[in-house]
Amino acid sequence: MSDTPSSSAPLLVVCLCAEWCGTCRDYRSIFDEAAQANADMRFVWVDIEDESEFVDPVEVENFPTLLVSDADGVRFFGTVLPHKDTLWRLLRSEREGRRGGVHPDAEVQALATRLWSRP
């Protein structure tokens, strides 16, 4: 099995959060609702403290931080407002192929590759 997504792979939408963060706990239901409504995308929730060895060396300083990736690499990486409308707008934009102009560093790209290889 390849560590990179195929060209037909869905968008990967990752939320990098922490269980101790009240905002993250509240955002989880919004993220889960988006996952149920967008079955053509792959959603992954990552607790940055429980999985610190997996996430390192990427620094996550604010929550929620989202990473969106496709077969060509990271399309979005950044902190978003923890509102349902913000997430839905981002997903709609990514579905339409509008990239946010984000060119993350090699560490973020490597994290995306690790996330694609997770079952």
# chains A, B, ... in the order shown; residues from 1 in each chain; ligands from 1
>>> residues_around(residues="A:Glu53", least_positions_apart="6", cutoff="12 Å", atoms="only C-alpha atoms", output="mmCIF file with N, CA, C and O atoms, in the first residue's frame")
data_model
loop_
_atom_site.group_PDB
_atom_site.id
_atom_site.type_symbol
_atom_site.label_atom_id
_atom_site.label_comp_id
_atom_site.auth_asym_id
_atom_site.auth_seq_id
_atom_site.Cartn_x
_atom_site.Cartn_y
_atom_site.Cartn_z
ATOM 1 N N VAL A 46 -7.434 14.354 15.484
ATOM 2 C CA VAL A 46 -6.148 14.019 16.100
ATOM 3 C C VAL A 46 -5.972 14.851 17.358
ATOM 4 O O VAL A 46 -5.964 16.090 17.305
ATOM 5 N N ASP A 47 -5.846 14.181 18.498
ATOM 6 C CA ASP A 47 -5.517 14.861 19.745
ATOM 7 C C ASP A 47 -4.008 15.054 19.758
ATOM 8 O O ASP A 47 -3.250 14.079 19.810
ATOM 9 N N GLU A 59 4.068 22.344 15.001
ATOM 10 C CA GLU A 59 3.586 23.068 16.181
ATOM 11 C C GLU A 59 2.158 23.528 15.947
ATOM 12 O O GLU A 59 1.874 24.224 14.976
ATOM 13 N N LEU A 111 3.398 15.552 7.733
ATOM 14 C CA LEU A 111 2.291 15.144 8.593
ATOM 15 C C LEU A 111 1.118 14.665 7.754
ATOM 16 O O LEU A 111 0.505 13.637 8.044
ATOM 17 N N ARG A 114 1.779 11.223 6.564
ATOM 18 C CA ARG A 114 1.574 10.245 7.641
ATOM 19 C C ARG A 114 0.089 9.989 7.878
ATOM 20 O O ARG A 114 -0.335 8.857 8.105
#
>>> residues_around(residues="A:Cys21", least_positions_apart="5", cutoff="12 Å", atoms="only C-alpha atoms", output="PyMOL selection string")
chain A and resi 16+26-28+47-49+61-64
>>> residues_around(residues="stretch 82-89 of chain A", least_positions_apart="4", cutoff="8 Å", atoms="only C-alpha atoms", output="count of residues only")
7
>>> atom_distance(atom1="atom CA of A:Val108", atom2="atom CA of A:Gly22")
24.8 Å
>>> select_by_dssp(residues="stretch 44-87 of chain A", states="strand (DSSP E)", output="short mmCIF file (atom, residue, chain, number, x, y, z; two decimals) with N, CA, C and O atoms, in the first residue's frame")
data_model
loop_
_atom_site.label_atom_id
_atom_site.label_comp_id
_atom_site.auth_asym_id
_atom_site.auth_seq_id
_atom_site.Cartn_x
_atom_site.Cartn_y
_atom_site.Cartn_z
N VAL A 44 -10.54 13.03 9.98
CA VAL A 44 -9.72 12.44 11.04
C VAL A 44 -9.58 13.47 12.16
O VAL A 44 -9.24 14.63 11.91
N TRP A 45 -9.82 13.04 13.38
CA TRP A 45 -9.63 13.86 14.57
C TRP A 45 -8.34 13.42 15.23
O TRP A 45 -8.16 12.23 15.50
N VAL A 46 -7.43 14.35 15.48
CA VAL A 46 -6.15 14.02 16.10
C VAL A 46 -5.97 14.85 17.36
O VAL A 46 -5.96 16.09 17.30
N ASP A 47 -5.85 14.18 18.50
CA ASP A 47 -5.52 14.86 19.74
C ASP A 47 -4.01 15.05 19.76
O ASP A 47 -3.25 14.08 19.81
N THR A 65 -7.21 23.75 14.70
CA THR A 65 -6.36 23.85 13.52
C THR A 65 -6.78 22.74 12.56
O THR A 65 -6.88 21.59 12.96
N LEU A 66 -7.04 23.13 11.32
CA LEU A 66 -7.45 22.16 10.31
C LEU A 66 -6.38 21.99 9.26
O LEU A 66 -5.66 22.93 8.92
N LEU A 67 -6.29 20.78 8.76
CA LEU A 67 -5.40 20.43 7.66
C LEU A 67 -6.28 19.75 6.61
O LEU A 67 -7.00 18.81 6.94
N VAL A 68 -6.25 20.26 5.38
CA VAL A 68 -6.98 19.65 4.29
C VAL A 68 -5.96 19.28 3.22
O VAL A 68 -5.14 20.10 2.83
N SER A 69 -6.03 18.03 2.78
CA SER A 69 -5.04 17.52 1.83
C SER A 69 -5.73 16.72 0.74
O SER A 69 -6.79 16.13 0.96
N ASP A 70 -5.09 16.70 -0.43
CA ASP A 70 -5.53 15.83 -1.52
C ASP A 70 -4.30 15.13 -2.08
O ASP A 70 -3.22 15.18 -1.48
N GLY A 73 -1.12 17.20 -2.31
CA GLY A 73 -0.50 17.77 -1.12
C GLY A 73 -1.48 18.58 -0.29
O GLY A 73 -2.70 18.51 -0.49
N VAL A 74 -0.96 19.34 0.63
CA VAL A 74 -1.77 20.12 1.55
C VAL A 74 -2.41 21.29 0.80
O VAL A 74 -1.73 22.05 0.12
N ARG A 75 -3.72 21.40 0.97
CA ARG A 75 -4.48 22.48 0.33
C ARG A 75 -4.77 23.60 1.32
O ARG A 75 -4.95 24.75 0.93
N PHE A 76 -4.90 23.24 2.59
CA PHE A 76 -5.19 24.23 3.63
C PHE A 76 -4.57 23.75 4.92
O PHE A 76 -4.66 22.58 5.26
N PHE A 77 -3.97 24.68 5.66
CA PHE A 77 -3.47 24.39 7.00
C PHE A 77 -3.55 25.67 7.79
O PHE A 77 -2.94 26.67 7.44
N GLY A 78 -4.38 25.64 8.85
CA GLY A 78 -4.48 26.84 9.68
C GLY A 78 -5.58 26.74 10.70
O GLY A 78 -6.40 25.82 10.70
N THR A 79 -5.59 27.72 11.55
CA THR A 79 -6.61 27.83 12.58
C THR A 79 -7.87 28.42 11.96
O THR A 79 -7.80 29.31 11.12
#
